[in-house]
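Report on one structure; see the data block that follows.
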Amino acid sequence: MSQNISCPACSKPLTPMTFQNVTVDVCQNGCGGVWLDAHEFKKVDEQHEQDGDILARVTLGKDVEKAPHAKRKCPKCPNMIMLRRFESPLKQVYVDECPKCAGIWLDAGELLVIRSQYKTEDERKAAASRYFDGLFGGQMATERAKTTNDTAKSQNFARALRFICPSYYLPRKQKGGAF
């Protein structure tokens, strides 16, 4: 929970709201954004989490000006510019995250979109895995094949050494060996 912090999107004061197990800061009657301290996002990002349903419906003010794609400063860390990233592989929602305190800023309506994408964290992880495989699957398979090939070459070389070198040069084969 924060005291006297301003909205990074429209500069209005943020209002703390407490639900069953989490306190967040919302831009009530302003732009409708939500500030979530580190780890609070995971408590509201899935459909079955009741707190998130309430947060997704924050009251918007009239005639609030905000720059949707402007760089935003963290409301908790003075002079820290938040990083903008996609929240999921579906690339429907950008979130702003502070690299220092790990807090997350969500603009009005973004939480509803996030909650509608996946029912559980397992679904989200499976989607991320599929996305990663689509981007890098071919390259990873090539690298695994190289590694397997290199391992086989190393094993063949080690077998050849067994026949060339007497056993007293091999590690742990005889008392007083070289290794």
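Letters A, B, ... mark the chains of the structure tokens in the order given; residue numbers begin at 1 per chain; ligand numbers begin at 1, in order shown.
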Original post:
What lies within 7 Å of Val24 (chain A) using only C-alpha atoms, ignoring chain neighbours under 6 positions off, as a VMD selection string?
Top reply: chain A and resid 1 16 to 18 35 to 36
**OP:** Among the residues of region 73-164 of chain A, find those DSSP assigns to alpha helix (DSSP H) from the backbone and print them as a PyMOL selection string.
**Re:** chain A and resi 110-117+121-164
Produce a file of the selected residues containing C-alpha atoms, as a PDB file, in the first residue's frame.
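As a result, selection21.pdb now contains:
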```
ATOM      1  CA  GLU A 110      -6.182  -3.927 -19.329  1.00  0.00           C
ATOM      2  CA  LEU A 111      -6.843  -6.147 -16.326  1.00  0.00           C
ATOM      3  CA  LEU A 112     -10.104  -7.338 -17.912  1.00  0.00           C
ATOM      4  CA  VAL A 113      -8.261  -8.301 -21.090  1.00  0.00           C
ATOM      5  CA  ILE A 114      -5.507 -10.073 -19.142  1.00  0.00           C
ATOM      6  CA  ARG A 115      -8.034 -12.000 -17.071  1.00  0.00           C
ATOM      7  CA  SER A 116      -9.925 -13.090 -20.206  1.00  0.00           C
ATOM      8  CA  GLN A 117      -6.856 -14.552 -21.941  1.00  0.00           C
ATOM      9  CA  GLU A 121      -1.260 -19.824 -14.631  1.00  0.00           C
ATOM     10  CA  ASP A 122      -0.669 -23.267 -16.185  1.00  0.00           C
ATOM     11  CA  GLU A 123      -2.557 -22.194 -19.337  1.00  0.00           C
ATOM     12  CA  ARG A 124      -0.454 -19.028 -19.478  1.00  0.00           C
ATOM     13  CA  LYS A 125       2.796 -20.981 -19.118  1.00  0.00           C
ATOM     14  CA  ALA A 126       1.731 -23.477 -21.808  1.00  0.00           C
ATOM     15  CA  ALA A 127       0.942 -20.597 -24.201  1.00  0.00           C
ATOM     16  CA  ALA A 128       4.318 -18.995 -23.465  1.00  0.00           C
ATOM     17  CA  SER A 129       6.045 -22.312 -24.104  1.00  0.00           C
ATOM     18  CA  ARG A 130       4.250 -22.725 -27.456  1.00  0.00           C
ATOM     19  CA  TYR A 131       5.159 -19.161 -28.399  1.00  0.00           C
ATOM     20  CA  PHE A 132       8.815 -19.705 -27.444  1.00  0.00           C
ATOM     21  CA  ASP A 133       8.911 -22.962 -29.422  1.00  0.00           C
ATOM     22  CA  GLY A 134       7.447 -21.160 -32.439  1.00  0.00           C
ATOM     23  CA  LEU A 135      10.158 -18.513 -32.281  1.00  0.00           C
ATOM     24  CA  PHE A 136      13.158 -20.614 -31.320  1.00  0.00           C
ATOM     25  CA  GLY A 137      12.142 -24.282 -31.648  1.00  0.00           C
ATOM     26  CA  GLY A 138      14.086 -24.871 -34.864  1.00  0.00           C
ATOM     27  CA  GLN A 139      17.221 -23.205 -33.548  1.00  0.00           C
ATOM     28  CA  MET A 140      16.997 -25.105 -30.262  1.00  0.00           C
ATOM     29  CA  ALA A 141      16.629 -28.441 -32.111  1.00  0.00           C
ATOM     30  CA  THR A 142      19.718 -27.607 -34.189  1.00  0.00           C
ATOM     31  CA  GLU A 143      21.704 -26.755 -31.050  1.00  0.00           C
ATOM     32  CA  ARG A 144      20.548 -29.947 -29.310  1.00  0.00           C
ATOM     33  CA  ALA A 145      21.664 -31.970 -32.349  1.00  0.00           C
ATOM     34  CA  LYS A 146      25.074 -30.260 -32.260  1.00  0.00           C
ATOM     35  CA  THR A 147      25.389 -31.015 -28.554  1.00  0.00           C
ATOM     36  CA  THR A 148      24.398 -34.654 -29.083  1.00  0.00           C
ATOM     37  CA  ASN A 149      26.906 -34.929 -31.928  1.00  0.00           C
ATOM     38  CA  ASP A 150      29.662 -33.301 -29.826  1.00  0.00           C
ATOM     39  CA  THR A 151      28.886 -35.671 -26.939  1.00  0.00           C
ATOM     40  CA  ALA A 152      29.130 -38.692 -29.231  1.00  0.00           C
ATOM     41  CA  LYS A 153      32.489 -37.443 -30.585  1.00  0.00           C
ATOM     42  CA  SER A 154      33.793 -36.955 -27.041  1.00  0.00           C
ATOM     43  CA  GLN A 155      32.681 -40.437 -26.017  1.00  0.00           C
ATOM     44  CA  ASN A 156      34.385 -41.965 -29.086  1.00  0.00           C
ATOM     45  CA  PHE A 157      37.594 -40.078 -28.283  1.00  0.00           C
ATOM     46  CA  ALA A 158      37.474 -41.303 -24.669  1.00  0.00           C
ATOM     47  CA  ARG A 159      37.014 -44.924 -25.870  1.00  0.00           C
ATOM     48  CA  ALA A 160      40.029 -44.547 -28.163  1.00  0.00           C
ATOM     49  CA  LEU A 161      42.135 -43.294 -25.251  1.00  0.00           C
ATOM     50  CA  ARG A 162      41.293 -46.430 -23.268  1.00  0.00           C
ATOM     51  CA  PHE A 163      43.028 -48.563 -25.875  1.00  0.00           C
ATOM     52  CA  ILE A 164      45.989 -46.228 -26.381  1.00  0.00           C
TER      53      ILE A 164
END
```
Original post:
Counting only C-alpha atoms, what is within 10 Å of Asp107 (chain A), bar same-chain residues fewer than 3 positions away, as number ranges by chain?
Top reply: A: 8-9, 26-27, 31-35, 56, 68, 93-96, 110-111
Let me see the file: selected residues, N, CA and C atoms, as an mmCIF file, in the first residue's frame.
```cif
data_model
loop_
_atom_site.group_PDB
_atom_site.id
_atom_site.type_symbol
_atom_site.label_atom_id
_atom_site.label_comp_id
_atom_site.auth_asym_id
_atom_site.auth_seq_id
_atom_site.Cartn_x
_atom_site.Cartn_y
_atom_site.Cartn_z
ATOM 1 N N PRO A 8 0.845 7.528 -12.765
ATOM 2 C CA PRO A 8 1.872 7.748 -13.786
ATOM 3 C C PRO A 8 1.295 8.116 -15.149
ATOM 4 N N ALA A 9 -0.021 7.919 -15.349
ATOM 5 C CA ALA A 9 -0.636 8.218 -16.645
ATOM 6 C C ALA A 9 -1.280 9.602 -16.695
ATOM 7 N N VAL A 26 -5.401 2.767 -6.955
ATOM 8 C CA VAL A 26 -6.158 2.952 -8.189
ATOM 9 C C VAL A 26 -6.351 4.432 -8.483
ATOM 10 N N CYS A 27 -6.487 4.725 -9.743
ATOM 11 C CA CYS A 27 -6.767 6.093 -10.173
ATOM 12 C C CYS A 27 -8.283 6.203 -10.298
ATOM 13 N N CYS A 31 -7.976 8.299 -14.673
ATOM 14 C CA CYS A 31 -7.819 7.502 -15.887
ATOM 15 C C CYS A 31 -8.232 6.047 -15.685
ATOM 16 N N GLY A 32 -8.424 5.637 -14.423
ATOM 17 C CA GLY A 32 -8.876 4.274 -14.145
ATOM 18 C C GLY A 32 -7.780 3.237 -14.085
ATOM 19 N N GLY A 33 -6.534 3.675 -14.061
ATOM 20 C CA GLY A 33 -5.417 2.741 -13.998
ATOM 21 C C GLY A 33 -5.260 2.140 -12.607
ATOM 22 N N VAL A 34 -4.456 1.069 -12.534
ATOM 23 C CA VAL A 34 -4.236 0.356 -11.275
ATOM 24 C C VAL A 34 -2.742 0.142 -11.080
ATOM 25 N N TRP A 35 -2.231 0.491 -9.888
ATOM 26 C CA TRP A 35 -0.840 0.238 -9.507
ATOM 27 C C TRP A 35 -0.807 -0.968 -8.580
ATOM 28 N N ALA A 56 -10.939 -4.605 -11.993
ATOM 29 C CA ALA A 56 -11.080 -4.408 -13.431
ATOM 30 C C ALA A 56 -12.176 -3.406 -13.766
ATOM 31 N N PRO A 68 -1.220 7.537 -23.912
ATOM 32 C CA PRO A 68 -1.162 6.090 -23.762
ATOM 33 C C PRO A 68 0.195 5.457 -24.053
ATOM 34 N N VAL A 93 -1.859 -6.833 -24.514
ATOM 35 C CA VAL A 93 -1.771 -5.838 -23.450
ATOM 36 C C VAL A 93 -0.309 -5.558 -23.115
ATOM 37 N N TYR A 94 0.027 -4.264 -23.142
ATOM 38 C CA TYR A 94 1.313 -3.818 -22.629
ATOM 39 C C TYR A 94 1.132 -3.523 -21.145
ATOM 40 N N VAL A 95 2.115 -3.891 -20.351
ATOM 41 C CA VAL A 95 2.126 -3.466 -18.956
ATOM 42 C C VAL A 95 3.390 -2.642 -18.753
ATOM 43 N N ASP A 96 3.319 -1.732 -17.811
ATOM 44 C CA ASP A 96 4.480 -0.923 -17.450
ATOM 45 C C ASP A 96 4.999 -1.470 -16.129
ATOM 46 N N GLU A 110 -7.202 -2.921 -19.015
ATOM 47 C CA GLU A 110 -6.182 -3.927 -19.329
ATOM 48 C C GLU A 110 -6.313 -5.169 -18.459
ATOM 49 N N LEU A 111 -6.692 -4.991 -17.204
ATOM 50 C CA LEU A 111 -6.843 -6.147 -16.326
ATOM 51 C C LEU A 111 -7.955 -7.074 -16.826
#
```
Subject >> Computed interatomic separation between CA of Pro13 (chain A) and CA of Leu106 (chain A) (Å) >> reply: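 These two atoms are separated by 15.4 Å.
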Subject >> Long-range neighbours of Pro78 (chain A) as number ranges by chain, 12 Å cut-off, only C-alpha atoms, 4 positions minimum in chain >> reply: A: 5-6, 8, 72-74, 82, 98, 100-101
Would you save the residues of that selection, restricted to C-alpha atoms, as a PDB file, in the first residue's frame?
```pdb
ATOM      1  CA  ILE A   5       1.487   8.749  -4.793  1.00  0.00           C
ATOM      2  CA  SER A   6       0.363  10.072  -8.151  1.00  0.00           C
ATOM      3  CA  PRO A   8       1.872   7.748 -13.786  1.00  0.00           C
ATOM      4  CA  ARG A  72       5.901   6.619 -17.502  1.00  0.00           C
ATOM      5  CA  LYS A  73       7.650   7.188 -14.222  1.00  0.00           C
ATOM      6  CA  CYS A  74       7.160   4.749 -11.379  1.00  0.00           C
ATOM      7  CA  MET A  82       9.085   1.998 -16.166  1.00  0.00           C
ATOM      8  CA  CYS A  98       9.338  -0.716 -12.657  1.00  0.00           C
ATOM      9  CA  LYS A 100      13.615  -1.271  -9.420  1.00  0.00           C
ATOM     10  CA  CYS A 101      10.592  -2.191  -7.263  1.00  0.00           C
TER      11      CYS A 101
END
```
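Closest to Ala102 (chain A) among A:Cys10, A:Lys76, A:Val44, A:Asn29 is A:Lys76, based on only C-alpha atoms.
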**OP:** Just give me the gap between CA of Leu14 (chain A) and CA of Thr120 (chain A) in Å, one decimal is fine.
**Re:**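 One can read the CA of Leu14 (chain A) to CA of Thr120 (chain A) distance as 29.0 Å.
The spacing separating CA of Glu46 (chain A) from CA of Lys119 (chain A) amounts to 5.7 Å.
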